[in-house]
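> Dropping the structure in here first, questions after.
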Amino acid sequence: MRFLRRLLNMLIVILFVSILMFVLVRVLPGDPVGAALGEGATKEQVDKFRTQMGMDRPLMVQYAAYLEGLFDGHFGPSLIESRDVGDIVWERLPATLELVICSLVVAIAFGVPLGIVAATHRNGPIDQIGRLCSLTGVAFPQFWAALMLQLLLGAALALLPITGRLSGPPPTQITGLYLVDALLTGNVSAFVDAFRHLVSPTIVMAVGPLAQITSMVRSTMLDELDKPYVSFSRAVGMPRFLIDYKYALRNAFSSTLTLIGFLFPLMIGGAFVVEKVFAWPGVARFGADSILANDYNAIVGVTLVVCLFVVAVNFVTEELYVALDPRIRLER
Amino acid sequence: MMVDPVVRLTSLRIDFKTADGTEQVIKDVTLRIDPGEIVGLVGESGCGKSVTAKLLLGILPMPPALVTAGTVEMFGEDLATLPAGQRDALKKFVAYVPQDPSAVLNPSFTIASQMIDMIIWYESDRRLLEYFRKRHRRADVARARDYAAHLLGKVYIADPEYVLRRYSVQLSGGMRQRVLLAMALSGSPRLMIADEPTTALDVTVQKRTIELLKDLAAREGLAGLYITHDLGVAREICARTYVMYAGTTVENGPTGPLLDEPLHPYTRGLVEAIPSLAGGLPKTIPGQVPDYLAPPRGCRFAPRCPDAFDRCRETPRRIDSAAHRQVSCWLYDREGRS
Amino acid sequence: MAMTIEKTGAAPDLSAIDVEIAPQRKTGAGRRLARLRRNRLAIVGMAVLAVLVLAAAFAPWIAPYPDDVADSLNFDAVLVAPSFEHPMGTDEVGRDVLTRVIFGARWSLAMAAIVLLIAVVIGVPLGLCAGYYGGALEQVLMRLTDGFSAVPALVLALAITVLLGPSLFNAMVAIGLVWWRSFARIAHGQTLSKKQETYVTVARSLGASDFHIMFREILPNISSPLFVSISLNAGYAVLTGTALSFLGAGARPPTPEWGQMVASSRNYLPNAWWPSLFPGLAIFFTVVSFNLIGDGLRDYFSEE
């Protein structure tokens with residue numbers, strides 16, 4: 001029952017955002033049609049185009065038509081690529097997903113242990129370094145860090161490729177996530193290729209969230225480690241490893257989970273910049289381009305998809321939060 | 001043939017480094033627990049009882065704390081010479097009964113889960129890999145669970161299955177304390193350390209818990225250190241008792257005679273501070289516990305002692321008094337009277 | 001983890017040792033010094049910020065080539081590597097990078113100030129009202145904030161900026177419009193907890209208006225977490241603003257705004273690395289200093 005109510009909330013939020021974006025793009029100044037058709041367009045051409053796109057009808061009607069189209073999977077034609085936005089998004093989604101998922105995985109896989117070690121070896125060398133990194137990690141402007149990394153690893157040291165997702169042919173398309181596809185088809189060269197291309201963008205995207213996760217895990221673990229059950233467990237002889245990773249972490253993780261839910265939209269925002277610098281063929285880059293080109297349908301479509309993912313991730317993290325903490329479950 | 005005492009502390013001194021300076025939390029503690037006997041440790045808050053307990057439990061954080069003099073022996077081993085791993089191995093033989101049962105059970109795991117963890121860990125003899133393997137093998141887990149139910153039965157819990165399935169928040173205070181006792185028995189304990197275990201409980205539950213502790217100690221042949229500030233409880237459960245003040249064991253002896261005819265002025269003060277049924281207000285001991293950063297020279301109780309005289313400016317020796325009793329006070333030291 | 005124990009004599013005889021080792025206790029001054037040392041980083045942050053503010057204020061006087069800020073073409077000195085005359089080198093049209101970085105401080109500080117001003121002025125009253133009045137108003141406002149939170153800040157700000165027309169000022173307004181939500185949430189939460197305090201009931205019984213209660217009674221008492229949030233968000237404001245400029249939606253050339261500078265010089269990488277490196281470095285240090293101050297404020301307020 002509660003599950004359904006949360007689902008409904010999700011849908012309401014998405015609906016709300018869609019209305020917001022829809023209205024926003026049409027109400028604010030700026031004439032994309034003129035821009036799309038170019039300087040030499042005559043007034044008749046512009047008007048004809050507008051009628052074709054249905055932009056002369058009242059707002060409510062436009063919105064209704066839009067929603068109708070959504071159910072068929074049509075997001076409306078894009079002004080820059082003259083294809084349906086839905087198709088474009090679908091095509092480019094795996095690239096962004098792969099990047100964001102990799103970054104999230106890296107941030108969690110490194111951030112959580114670092115936070116734990118920092119907490120258990122308080123004021124030790126790892127803690128100091130960790131705190132320094134946390135401080136600086138969130139301060140890097142992502143676009144600049146991306147450029148510097150390109151410079152350093154790509155150009156100066158020639159260790160990694162500078163742009164793009166692949167240098168050679170892609171693996172057979174199963175999920176669209178190159179790493180996964182390459183693994184599934186046993187295509188080692190494609191795997192290595194995709195991996196090398198992923199390194200730089202992932203580092204740039206993961207640094208900020210990693211810093212925050214480390215800091216959050218550290219402080220919640222410190223709180224937990226002070227609690228009586230920890231000294232009791234040690235008194236009865238339970239090993240530190242078990243206490244840290246199983247007991248304390250379980251209780252400390254809920255705050256971290258909330259943080260992850262909060263970080264996810266930030267990471268997607270980061271993708272907009274990172275994809276541009278690394279010429280990554282993802283949805284975010286398309287979104288940035290379409291915003292700059294005033295491509296109405298594209299803007300709304302991309303924003304909707306982004307929101308969908310953010311809301312979905314929030315949903316999942318909330319469910320996990322409840323699953324981890326039995327006290328909440330029992331209270332119901 | 002002399003049997004090794006279970007615990008022997010000799011002239012122990014512990015310093016504690018804090019941001020404000022070095023605190024001499026334990027000045028001179030000499031304590032002995034023989035097999036099968038329950039020994040009491042009484043004193044007011046801040047006298048160092050908990051530090052002593054933590055030392056014996058192996059959870060006293062050693063960087064800020066440092067043993068600067070004396071010896072600590074447990075089960076015949078000198079703890080100073082033991083490497084960390086072997087020191088931890090001794091914990092299996094120590095049953096810890098803490099003060100507040102609710103704070104001590106992990107709220108996110110079921111009772112069964114926590115007990116099974118302990119049981120299997122003790123079984124694996126501190127080998128991490130073996131622990132992981134066993135913890136995930138159905139047969140081993142089932143066996144551990146049966147043993148857990150058996151232990152819960154030993155503490156007179158009528159329906160072990162019910163308790164095993166619950167989380168600690170769902171159990172009453174008295175029940176939680178029993179679960180802790182059951183957990184304490186899961187190793188092969190030879191020593192029980194109880195740190196004011198009834199303070200957090202209702203009065204009615206207190207009595208039952210004390211009975212249970214006595215019963216268990218007798219049945220399992222445990223030696224015990226019972227820490228309390230309640231002299232009445234000490235009389236009930238402890239064969240011998242040590243009185244501690246400001247980091248020093250100032251007096252010790254069989255509990256009955258100790259409380260009936262106290263020697264040390266502090267013990268006398270404690271006994272007189274108990275409100276009696278005969279009426280009259282209890283006499284509290286004037287003054288405060290000394291500042292451990294700058295404690296008084298000599299006997300630490302002297303500033304509050306009604307019988308203090310100038311020899312007290314020097315630290316008293318511990319001397320044997322009549323009938324298995326010891327006291328650290330110049331009043332009873334024939335040399336001091338000069 | 002072996003314990004160190006000194007073996008004393010066979011029969012410890014304490015009466016022979018009349019000298020007690022005097023334990024050390026730190027004096028009052030020692031403790032104050034220790035506290036200062038803990039906040040060392042915050043002081044560093046404040047120092048850096050002070051340098052920035054001074055640089056921004058006195059830019060025309062301290063910059064080596066003040067004319068280089070606006071349109072100035074100097075084809076002789078195009079893309080000169082860092083040297084004594086040009087410590088940060090020159091950019092693609094021959095302008096001194098150091099000068100532009102110094103002037104850029106003005107824009108970034110202005111950006112932080114304006115963004116935070118807008119966000120606070122919109123967000124705090126909304127949060128206060130939501131928390132104080134509760135009921136339907138609270139539900140609507142909080143749903144609004146939640147809805148806004150589903151869209152990444154950068155995306156929304158980008159959209160608004162572009163639709164308003166790309167310019168630095170519009171970018172600042174856009175980010176401010178996107179950011180009121182976090183201040184609203186803090187104000188809301190804090191108001192909820194302070195609402196029950198005695199001074200509120202007293203004020204109400206004395207007949208004070210709602211406005212008075214909210215802004216004269218509650219607001220001063222929730223200012224500490226707000227200040228912490230302001231300084232922590234200042235860094236993010238600068239990051240987002242420069243990112244917008246980088247994408248082309250914020251400052252336009254020839255404004256010497258750091259993000260914009262990195263964008264224009266991007267094409268000349270990897271050979272001419274300096275016009276891209278130094279502005280980014282400036283952003284980094286600015287954000288670090290804001291964060292240090294924010295952390296220091298948070299520690300300071302939590303120690304109270």
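All residue names refer to the structure tokens as shown: chains lettered A, B, ... in order, residues numbered from 1 in each chain, ligands numbered from 1 in order.
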Neighbouring residues of Ser289 (chain C) were defined as those with any atom within 12 Å, considering only C-alpha atoms; residues of the same chain fewer than 6 positions away were excluded. Please report them as an mmCIF file with N, CA and C atoms, in the first residue's frame.

```
data_model
loop_
_atom_site.group_PDB
_atom_site.id
_atom_site.type_symbol
_atom_site.label_atom_id
_atom_site.label_comp_id
_atom_site.auth_asym_id
_atom_site.auth_seq_id
_atom_site.Cartn_x
_atom_site.Cartn_y
_atom_site.Cartn_z
ATOM 1 N N LEU A 135 38.069 17.724 0.860
ATOM 2 C CA LEU A 135 38.005 19.171 0.741
ATOM 3 C C LEU A 135 38.219 19.620 -0.691
ATOM 4 N N THR A 136 39.240 19.044 -1.337
ATOM 5 C CA THR A 136 39.564 19.520 -2.672
ATOM 6 C C THR A 136 38.699 18.876 -3.733
ATOM 7 N N VAL A 138 35.580 18.291 -4.007
ATOM 8 C CA VAL A 138 34.345 18.964 -4.388
ATOM 9 C C VAL A 138 34.599 20.345 -4.946
ATOM 10 N N ALA A 139 35.832 20.813 -4.874
ATOM 11 C CA ALA A 139 36.087 22.187 -5.293
ATOM 12 C C ALA A 139 36.512 22.286 -6.752
ATOM 13 N N LEU C 41 42.481 25.694 9.270
ATOM 14 C CA LEU C 41 42.044 25.653 7.887
ATOM 15 C C LEU C 41 41.045 26.758 7.588
ATOM 16 N N ALA C 42 40.162 27.012 8.522
ATOM 17 C CA ALA C 42 39.175 28.063 8.282
ATOM 18 C C ALA C 42 39.869 29.399 8.132
ATOM 19 N N ILE C 43 40.916 29.588 8.894
ATOM 20 C CA ILE C 43 41.647 30.850 8.791
ATOM 21 C C ILE C 43 42.323 30.949 7.433
ATOM 22 N N VAL C 44 42.862 29.836 6.968
ATOM 23 C CA VAL C 44 43.453 29.832 5.620
ATOM 24 C C VAL C 44 42.401 30.236 4.596
ATOM 25 N N GLY C 45 41.207 29.646 4.750
ATOM 26 C CA GLY C 45 40.122 29.979 3.822
ATOM 27 C C GLY C 45 39.810 31.460 3.841
ATOM 28 N N MET C 46 39.762 31.999 5.037
ATOM 29 C CA MET C 46 39.433 33.417 5.124
ATOM 30 C C MET C 46 40.531 34.267 4.501
ATOM 31 N N ALA C 47 41.767 33.829 4.703
ATOM 32 C CA ALA C 47 42.877 34.583 4.121
ATOM 33 C C ALA C 47 42.774 34.595 2.595
ATOM 34 N N VAL C 48 42.513 33.415 2.034
ATOM 35 C CA VAL C 48 42.410 33.335 0.563
ATOM 36 C C VAL C 48 41.277 34.216 0.063
ATOM 37 N N LEU C 49 40.163 34.145 0.768
ATOM 38 C CA LEU C 49 39.020 34.958 0.352
ATOM 39 C C LEU C 49 39.356 36.441 0.437
ATOM 40 N N ALA C 50 40.079 36.805 1.480
ATOM 41 C CA ALA C 50 40.462 38.210 1.618
ATOM 42 C C ALA C 50 41.323 38.640 0.439
ATOM 43 N N VAL C 51 42.255 37.768 0.067
ATOM 44 C CA VAL C 51 43.096 38.085 -1.095
ATOM 45 C C VAL C 51 42.223 38.305 -2.333
ATOM 46 N N LEU C 52 41.256 37.413 -2.520
ATOM 47 C CA LEU C 52 40.382 37.532 -3.690
ATOM 48 C C LEU C 52 39.603 38.842 -3.679
ATOM 49 N N VAL C 53 39.051 39.151 -2.522
ATOM 50 C CA VAL C 53 38.243 40.371 -2.436
ATOM 51 C C VAL C 53 39.107 41.597 -2.732
ATOM 52 N N SER C 231 27.646 29.926 3.217
ATOM 53 C CA SER C 231 29.053 29.875 2.830
ATOM 54 C C SER C 231 29.366 28.591 2.085
ATOM 55 N N LEU C 232 28.707 27.483 2.455
ATOM 56 C CA LEU C 232 28.965 26.253 1.714
ATOM 57 C C LEU C 232 28.412 26.330 0.304
ATOM 58 N N ASN C 233 27.285 26.986 0.156
ATOM 59 C CA ASN C 233 26.675 27.083 -1.168
ATOM 60 C C ASN C 233 27.366 28.095 -2.058
ATOM 61 N N ALA C 234 28.094 29.018 -1.448
ATOM 62 C CA ALA C 234 28.795 30.017 -2.261
ATOM 63 C C ALA C 234 29.730 29.323 -3.239
ATOM 64 N N GLY C 235 30.409 28.291 -2.731
ATOM 65 C CA GLY C 235 31.324 27.555 -3.594
ATOM 66 C C GLY C 235 30.596 26.927 -4.759
ATOM 67 N N TYR C 236 29.491 26.257 -4.476
ATOM 68 C CA TYR C 236 28.725 25.622 -5.542
ATOM 69 C C TYR C 236 28.188 26.637 -6.531
ATOM 70 N N VAL C 238 29.599 29.399 -7.461
ATOM 71 C CA VAL C 238 30.678 29.745 -8.377
ATOM 72 C C VAL C 238 30.915 28.614 -9.377
ATOM 73 N N ALA C 282 42.075 29.333 -10.510
ATOM 74 C CA ALA C 282 41.489 30.409 -9.711
ATOM 75 C C ALA C 282 40.130 29.991 -9.162
ATOM 76 N N ILE C 283 39.340 29.346 -10.029
ATOM 77 C CA ILE C 283 38.035 28.865 -9.573
ATOM 78 C C ILE C 283 38.224 27.896 -8.411
ATOM 79 N N ASP C 295 33.091 25.127 6.481
ATOM 80 C CA ASP C 295 33.366 24.078 7.458
ATOM 81 C C ASP C 295 33.722 24.673 8.804
ATOM 82 N N GLY C 296 34.537 25.726 8.767
ATOM 83 C CA GLY C 296 34.918 26.365 10.021
ATOM 84 C C GLY C 296 33.710 26.913 10.755
#
```
> Within 9 Å of region 189-203 of chain A, which residues of region 71-107 of chain A show up? Give each one with its shortest atom-to-atom distance in Å (one decimal) and the two atoms involved, counting only C-alpha atoms, rows by chain then rising residue number, as CSV.

```
residue,atom,partner,partner_atom,distance
A:Glu98,CA,A:Leu198,CA,8.8
A:Leu99,CA,A:Thr202,CA,6.4
A:Val100,CA,A:Thr202,CA,7.8
A:Cys102,CA,A:Thr202,CA,6.6
A:Ser103,CA,A:Thr202,CA,5.0
A:Leu104,CA,A:Thr202,CA,8.8
A:Val106,CA,A:Thr202,CA,8.0
```
> Can you tell me, as a compact mmCIF listing (two decimals) with C-alpha atoms, in the first residue's frame, what residues are no more than 12 Å from Met115 (chain B) when counting only C-alpha atoms, ignoring any on the same chain fewer than 4 positions away?

```txt
# COMPACT_ATOMS: atom_id res chain seq x y z
CA SER A 233 31.41 -6.66 20.68
CA VAL A 236 33.48 -10.41 23.82
CA MET A 238 34.60 -10.19 17.96
CA LEU B 105 22.58 -5.08 21.46
CA ASN B 106 22.79 -4.03 17.84
CA PHE B 109 20.15 -7.46 13.70
CA THR B 110 17.98 -10.16 15.22
CA ILE B 111 18.98 -11.79 18.49
CA ILE B 119 28.97 -18.77 18.71
CA ILE B 120 30.44 -19.45 15.31
CA TRP B 121 33.24 -16.99 15.89
CA TYR B 122 34.25 -18.72 19.08
CA ARG B 135 28.56 -18.67 8.83
CA VAL B 141 24.23 -22.16 11.29
CA ALA B 142 21.47 -24.51 12.34
CA ARG B 143 23.71 -26.06 14.94
CA ALA B 144 24.70 -22.68 16.28
CA ARG B 145 21.08 -21.65 16.45
CA ASP B 146 20.21 -24.74 18.46
CA TYR B 147 23.02 -23.96 20.83
CA ALA B 148 21.75 -20.40 21.13
CA ALA B 149 18.32 -21.69 22.05
CA HIS B 150 19.96 -23.95 24.61
CA LEU B 151 21.81 -21.00 26.13
CA LEU B 152 18.62 -18.98 26.31
CA VAL B 163 13.27 -14.33 21.45
CA LEU B 164 15.63 -15.50 18.75
CA ARG B 165 13.44 -14.12 16.04
CA ARG B 166 13.10 -10.71 17.61
CA TYR B 167 15.07 -7.52 17.41
CA SER B 168 16.34 -6.04 20.64
CA VAL B 179 19.84 -12.43 26.45
CA LEU B 180 23.10 -10.76 27.33
CA LEU B 181 23.73 -13.31 30.03
CA ALA B 182 23.07 -16.07 27.54
CA MET B 183 25.48 -14.44 25.11
CA ALA B 184 28.01 -14.16 27.90
CA LEU B 185 27.86 -17.93 28.36
CA SER B 186 28.41 -18.72 24.70
CA GLY B 187 32.18 -18.99 24.93
```
> Return the neighbours of chain B among the residues of chain A, cut-off 7 Å, counting only C-alpha atoms, as a list in words.
Pro228, Tyr229, Ser231, Phe232, Arg234, Ala235, Val236, Gly237, Asn251, Asp325 and Pro326 of chain A
> Counting only C-alpha atoms, which residues of chain C come no farther than 7 Å from chain A, as a ChimeraX atom specification?
/C:147,150-155,159,162-164,239,243,270,280,283-284,287-288
